[in-house]
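See below for upload-v2.cif, which holds mmCIF, N, CA and C atoms.
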```
data_data
loop_
_atom_site.label_atom_id
_atom_site.label_comp_id
_atom_site.auth_asym_id
_atom_site.auth_seq_id
_atom_site.Cartn_x
_atom_site.Cartn_y
_atom_site.Cartn_z
N MET A 19 64.97 0.97 58.22
CA MET A 19 65.58 -0.34 58.06
C MET A 19 65.13 -0.89 56.71
N ASN A 20 66.07 -1.37 55.93
CA ASN A 20 65.67 -1.87 54.63
C ASN A 20 65.05 -3.26 54.75
N GLU A 21 64.48 -3.72 53.66
CA GLU A 21 63.70 -4.97 53.66
C GLU A 21 64.55 -6.19 54.01
N ARG A 22 65.79 -6.23 53.51
CA ARG A 22 66.64 -7.39 53.77
C ARG A 22 66.98 -7.52 55.25
N LYS A 23 67.35 -6.42 55.89
CA LYS A 23 67.67 -6.46 57.32
C LYS A 23 66.44 -6.84 58.13
N LYS A 24 65.28 -6.37 57.72
CA LYS A 24 64.05 -6.72 58.41
C LYS A 24 63.77 -8.21 58.32
N ASN A 25 63.93 -8.80 57.12
CA ASN A 25 63.70 -10.23 56.94
C ASN A 25 64.70 -11.06 57.72
N ILE A 26 65.95 -10.64 57.73
CA ILE A 26 66.97 -11.38 58.47
C ILE A 26 66.70 -11.31 59.97
N SER A 27 66.30 -10.15 60.47
CA SER A 27 66.03 -10.03 61.90
C SER A 27 64.81 -10.85 62.30
N ILE A 28 63.81 -10.94 61.45
CA ILE A 28 62.64 -11.78 61.75
C ILE A 28 63.05 -13.25 61.79
N GLY A 29 63.87 -13.69 60.84
CA GLY A 29 64.33 -15.08 60.83
C GLY A 29 65.17 -15.42 62.05
N VAL A 30 66.06 -14.52 62.42
CA VAL A 30 66.90 -14.74 63.61
C VAL A 30 66.03 -14.79 64.86
N ALA A 31 65.03 -13.92 64.93
CA ALA A 31 64.14 -13.91 66.10
C ALA A 31 63.35 -15.22 66.20
N LEU A 32 62.90 -15.76 65.07
CA LEU A 32 62.16 -17.03 65.09
C LEU A 32 63.06 -18.18 65.54
N ILE A 33 64.27 -18.24 65.01
CA ILE A 33 65.19 -19.30 65.40
C ILE A 33 65.57 -19.17 66.87
N PHE A 34 65.83 -17.95 67.32
CA PHE A 34 66.19 -17.72 68.71
C PHE A 34 65.04 -18.11 69.65
N SER A 35 63.81 -17.78 69.27
CA SER A 35 62.67 -18.13 70.13
C SER A 35 62.47 -19.64 70.19
N PHE A 36 62.73 -20.35 69.09
CA PHE A 36 62.61 -21.81 69.10
C PHE A 36 63.62 -22.42 70.07
N PHE A 37 64.87 -21.98 70.01
CA PHE A 37 65.88 -22.51 70.90
C PHE A 37 65.67 -22.06 72.34
N LEU A 38 65.10 -20.89 72.54
CA LEU A 38 64.75 -20.44 73.88
C LEU A 38 63.67 -21.34 74.48
N LEU A 39 62.69 -21.71 73.67
CA LEU A 39 61.64 -22.62 74.12
C LEU A 39 62.22 -23.98 74.49
N LEU A 40 63.13 -24.50 73.67
CA LEU A 40 63.77 -25.77 74.01
C LEU A 40 64.60 -25.66 75.29
N SER A 41 65.25 -24.53 75.48
CA SER A 41 66.03 -24.33 76.70
C SER A 41 65.14 -24.27 77.93
N LEU A 42 63.98 -23.64 77.80
CA LEU A 42 63.05 -23.59 78.92
C LEU A 42 62.52 -24.98 79.27
N VAL A 43 62.24 -25.79 78.26
CA VAL A 43 61.78 -27.17 78.53
C VAL A 43 62.89 -27.94 79.22
N ALA A 44 64.14 -27.76 78.79
CA ALA A 44 65.26 -28.45 79.43
C ALA A 44 65.46 -27.96 80.86
N ALA A 45 65.23 -26.68 81.12
CA ALA A 45 65.36 -26.15 82.48
C ALA A 45 64.27 -26.70 83.38
N VAL A 46 63.06 -26.85 82.86
CA VAL A 46 61.96 -27.40 83.65
C VAL A 46 62.24 -28.85 84.02
N ALA A 47 63.00 -29.57 83.19
CA ALA A 47 63.31 -30.97 83.47
C ALA A 47 64.15 -31.13 84.74
N TYR A 48 64.84 -30.08 85.17
CA TYR A 48 65.67 -30.16 86.37
C TYR A 48 64.93 -29.75 87.63
N LEU A 49 63.68 -29.35 87.52
CA LEU A 49 62.91 -28.99 88.71
C LEU A 49 62.49 -30.25 89.46
N PRO A 50 62.33 -30.16 90.77
CA PRO A 50 61.94 -31.35 91.54
C PRO A 50 60.45 -31.64 91.40
N GLY A 51 60.09 -32.88 91.67
CA GLY A 51 58.68 -33.26 91.74
C GLY A 51 58.06 -33.57 90.39
N PHE A 52 56.74 -33.43 90.37
CA PHE A 52 55.97 -33.78 89.18
C PHE A 52 56.31 -32.88 88.00
N VAL A 53 56.57 -31.60 88.27
CA VAL A 53 56.90 -30.66 87.19
C VAL A 53 58.19 -31.09 86.49
N GLY A 54 59.17 -31.53 87.27
CA GLY A 54 60.42 -32.01 86.69
C GLY A 54 60.23 -33.27 85.87
N GLU A 55 59.38 -34.18 86.37
CA GLU A 55 59.10 -35.39 85.61
C GLU A 55 58.37 -35.06 84.30
N LEU A 56 57.46 -34.10 84.37
CA LEU A 56 56.75 -33.68 83.16
C LEU A 56 57.73 -33.03 82.17
N GLY A 57 58.63 -32.20 82.67
CA GLY A 57 59.65 -31.60 81.82
C GLY A 57 60.57 -32.62 81.20
N THR A 58 60.95 -33.64 81.98
CA THR A 58 61.80 -34.70 81.46
C THR A 58 61.08 -35.48 80.37
N MET A 59 59.79 -35.75 80.58
CA MET A 59 59.01 -36.47 79.57
C MET A 59 58.91 -35.64 78.29
N CYS A 60 58.63 -34.35 78.42
CA CYS A 60 58.53 -33.49 77.23
C CYS A 60 59.86 -33.39 76.51
N LEU A 61 60.95 -33.27 77.28
CA LEU A 61 62.27 -33.16 76.68
C LEU A 61 62.64 -34.46 75.96
N SER A 62 62.31 -35.60 76.54
CA SER A 62 62.64 -36.86 75.88
C SER A 62 61.80 -37.05 74.62
N MET A 63 60.54 -36.60 74.63
CA MET A 63 59.71 -36.70 73.42
C MET A 63 60.21 -35.74 72.34
N LEU A 64 60.64 -34.55 72.74
CA LEU A 64 61.10 -33.57 71.75
C LEU A 64 62.42 -33.96 71.13
N THR A 65 63.26 -34.69 71.86
CA THR A 65 64.58 -35.03 71.34
C THR A 65 64.67 -36.42 70.75
N SER A 66 63.59 -37.20 70.76
CA SER A 66 63.64 -38.49 70.08
C SER A 66 63.62 -38.24 68.58
N PRO A 67 64.34 -39.05 67.80
CA PRO A 67 64.54 -38.72 66.38
C PRO A 67 63.25 -38.56 65.58
N PHE A 68 62.33 -39.49 65.66
CA PHE A 68 61.14 -39.42 64.82
C PHE A 68 60.22 -38.28 65.25
N ILE A 69 60.02 -38.15 66.55
CA ILE A 69 59.10 -37.12 67.03
C ILE A 69 59.68 -35.73 66.79
N LEU A 70 60.99 -35.57 66.97
CA LEU A 70 61.62 -34.28 66.74
C LEU A 70 61.45 -33.84 65.29
N GLU A 71 61.68 -34.75 64.35
CA GLU A 71 61.52 -34.42 62.94
C GLU A 71 60.07 -34.10 62.61
N THR A 72 59.15 -34.84 63.19
CA THR A 72 57.73 -34.59 62.94
C THR A 72 57.29 -33.25 63.50
N VAL A 73 57.74 -32.94 64.71
CA VAL A 73 57.38 -31.67 65.33
C VAL A 73 57.96 -30.49 64.55
N ILE A 74 59.22 -30.60 64.16
CA ILE A 74 59.84 -29.50 63.40
C ILE A 74 59.15 -29.34 62.05
N ALA A 75 58.82 -30.44 61.38
CA ALA A 75 58.13 -30.34 60.09
C ALA A 75 56.75 -29.71 60.25
N SER A 76 56.01 -30.10 61.29
CA SER A 76 54.68 -29.52 61.49
C SER A 76 54.78 -28.05 61.88
N LEU A 77 55.78 -27.67 62.68
CA LEU A 77 55.98 -26.26 63.00
C LEU A 77 56.37 -25.46 61.77
N ALA A 78 57.18 -26.05 60.90
CA ALA A 78 57.58 -25.36 59.68
C ALA A 78 56.38 -25.14 58.76
N PHE A 79 55.54 -26.16 58.61
CA PHE A 79 54.34 -26.00 57.77
C PHE A 79 53.37 -25.00 58.38
N THR A 80 53.24 -25.01 59.70
CA THR A 80 52.37 -24.04 60.36
C THR A 80 52.88 -22.63 60.14
N ALA A 81 54.18 -22.43 60.29
CA ALA A 81 54.76 -21.11 60.06
C ALA A 81 54.62 -20.69 58.60
N LEU A 82 54.81 -21.64 57.69
CA LEU A 82 54.68 -21.34 56.27
C LEU A 82 53.26 -20.88 55.92
N PHE A 83 52.27 -21.61 56.41
CA PHE A 83 50.88 -21.25 56.12
C PHE A 83 50.48 -19.95 56.82
N ALA A 84 51.01 -19.72 58.02
CA ALA A 84 50.69 -18.47 58.73
C ALA A 84 51.29 -17.27 58.01
N ILE A 85 52.54 -17.39 57.58
CA ILE A 85 53.18 -16.29 56.87
C ILE A 85 52.50 -16.05 55.53
N ASN A 86 52.13 -17.13 54.84
CA ASN A 86 51.45 -16.98 53.55
C ASN A 86 50.07 -16.35 53.74
N GLY A 87 49.35 -16.73 54.77
CA GLY A 87 48.05 -16.12 55.04
C GLY A 87 48.17 -14.66 55.38
N TRP A 88 49.18 -14.30 56.16
CA TRP A 88 49.42 -12.90 56.51
C TRP A 88 49.77 -12.09 55.26
N ARG A 89 50.63 -12.67 54.40
CA ARG A 89 51.03 -11.99 53.17
C ARG A 89 49.83 -11.77 52.25
N ARG A 90 48.99 -12.80 52.11
CA ARG A 90 47.82 -12.66 51.24
C ARG A 90 46.81 -11.68 51.78
N SER A 91 46.70 -11.57 53.10
CA SER A 91 45.77 -10.59 53.66
C SER A 91 46.28 -9.17 53.44
N ASN A 92 47.59 -8.99 53.43
CA ASN A 92 48.16 -7.65 53.19
C ASN A 92 48.17 -7.29 51.71
N GLU A 93 48.52 -8.24 50.85
CA GLU A 93 48.68 -7.95 49.43
C GLU A 93 47.42 -8.24 48.61
N GLY A 94 46.46 -8.93 49.19
CA GLY A 94 45.27 -9.31 48.42
C GLY A 94 45.47 -10.68 47.78
N ASP A 95 44.42 -11.18 47.14
CA ASP A 95 44.53 -12.51 46.55
C ASP A 95 45.37 -12.45 45.27
N ASP A 96 45.72 -13.63 44.77
CA ASP A 96 46.61 -13.73 43.62
C ASP A 96 45.86 -13.93 42.31
N TYR A 97 44.56 -13.78 42.31
CA TYR A 97 43.78 -14.03 41.11
C TYR A 97 43.79 -12.81 40.20
N LEU A 98 43.89 -13.07 38.91
CA LEU A 98 43.89 -12.01 37.91
C LEU A 98 42.72 -12.23 36.96
N GLU A 99 42.17 -11.14 36.48
CA GLU A 99 41.18 -11.24 35.41
C GLU A 99 41.90 -10.99 34.10
N LEU A 100 41.66 -11.87 33.13
CA LEU A 100 42.31 -11.76 31.84
C LEU A 100 41.27 -11.37 30.79
N ASP A 101 41.72 -10.61 29.79
CA ASP A 101 40.82 -10.32 28.68
C ASP A 101 40.89 -11.48 27.69
N GLU A 102 40.23 -11.34 26.56
CA GLU A 102 40.18 -12.46 25.61
C GLU A 102 41.52 -12.80 24.98
N ASP A 103 42.50 -11.87 25.03
CA ASP A 103 43.83 -12.14 24.49
C ASP A 103 44.77 -12.71 25.54
N GLY A 104 44.33 -12.82 26.78
CA GLY A 104 45.16 -13.35 27.86
C GLY A 104 46.00 -12.30 28.56
N VAL A 105 45.66 -11.03 28.35
CA VAL A 105 46.39 -9.94 29.00
C VAL A 105 45.67 -9.58 30.29
N PRO A 106 46.42 -9.45 31.41
CA PRO A 106 45.77 -9.12 32.68
C PRO A 106 45.06 -7.76 32.63
N ILE A 107 43.87 -7.71 33.25
CA ILE A 107 43.13 -6.48 33.38
C ILE A 107 43.44 -5.92 34.76
N HIS A 108 44.00 -4.73 34.82
CA HIS A 108 44.37 -4.11 36.09
C HIS A 108 43.21 -3.24 36.56
N LYS A 109 42.65 -3.58 37.71
CA LYS A 109 41.59 -2.78 38.30
C LYS A 109 42.18 -1.90 39.39
N LYS A 110 41.69 -0.70 39.48
CA LYS A 110 42.20 0.22 40.50
C LYS A 110 41.16 0.51 41.53
#
```
Would you mind giving the structure from this file in structure tokens?
Amino acid sequence: MNERKKNISIGVALIFSFFLLLSLVAAVAYLPGFVGELGTMCLSMLTSPFILETVIASLAFTALFAINGWRRSNEGDDYLELDEDGVPIHKK
């Protein structure tokens, strides 16, 4: 599988899992008793305009930092050593 298809499938999987989680919360809201009331409360908090935007923004930042941390652990840090002329020194 080439790199582009891999990246697209990862993005689709993340979006699908987010909507699956929202669907599960909505399904729990229809259960009877305390669990249903808890699901209704969570669903109303998730779908209110300010809280929804805040939650999505915090999830996006968390995903961004997690992906960046994973990338840096695989590729190494981004620091370069330069010689006196400003040319990068490549260490092997």
>> For the provided coordinates, the residues matched by the PyMOL selection byres (((chain A and resi 58 and name CA) around 9) and name CA) should be stated as number ranges by chain.
In response: A: 43-44, 46-48, 53-57, 59-63
> If you measure from atom CA of Phe79 of chain A to atom CA of Gly94 of chain A, what distance in Å do you get, rounded to one decimal?
Replying inline: 21.2 Å
> In Å, with one decimal, what is the gap from atom C of Asn20 of chain A to atom C of Ala81 of chain A?
Replying inline: 20.7 Å
Six-sided padding of 6 Å per side, axis-aligned box over segment 45-58 of chain A, centre and edges in Å, one decimal, as JSON:
```
{"center_x": 60.8, "center_y": -30.8, "center_z": 86.1, "size_x": 21.7, "size_y": 21.3, "size_z": 23.4}
```
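With atom N of Lys23 of chain A on one side and atom N of Ile74 of chain A on the other, the separation reads 26.8 Å.
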>> Using only C-alpha atoms, can you tell me which of A:Ala78, A:Val105, A:Ile26, A:Leu64 comes closest to Leu39 of chain A?
In response: A:Leu64
> When DSSP works through the backbone of this structure, what residues of chain A end up as alpha helix (DSSP H), shown as an NGL selection string?
Replying inline: :A and (21-46 or 51-65 or 67-93)
>> When DSSP is applied to the backbone of this structure, which of chain A are assigned strand (DSSP E or B)? Write them out as a PyMOL selection string.
In response: chain A and resi 99-100+106-107
Store the residues of this selection in a file with N, CA and C atoms, as a PDB file, in the coordinates of the input.
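File result.pdb, as written:
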```
ATOM      1  N   GLU A  99      42.170 -11.140  36.480  1.00  0.00           N
ATOM      2  CA  GLU A  99      41.180 -11.240  35.410  1.00  0.00           C
ATOM      3  C   GLU A  99      41.900 -10.990  34.100  1.00  0.00           C
ATOM      4  N   LEU A 100      41.660 -11.870  33.130  1.00  0.00           N
ATOM      5  CA  LEU A 100      42.310 -11.760  31.840  1.00  0.00           C
ATOM      6  C   LEU A 100      41.270 -11.370  30.790  1.00  0.00           C
ATOM      7  N   PRO A 106      46.420  -9.450  31.410  1.00  0.00           N
ATOM      8  CA  PRO A 106      45.770  -9.120  32.680  1.00  0.00           C
ATOM      9  C   PRO A 106      45.060  -7.760  32.630  1.00  0.00           C
ATOM     10  N   ILE A 107      43.870  -7.710  33.250  1.00  0.00           N
ATOM     11  CA  ILE A 107      43.130  -6.480  33.380  1.00  0.00           C
ATOM     12  C   ILE A 107      43.440  -5.920  34.760  1.00  0.00           C
TER      13      ILE A 107
END
```
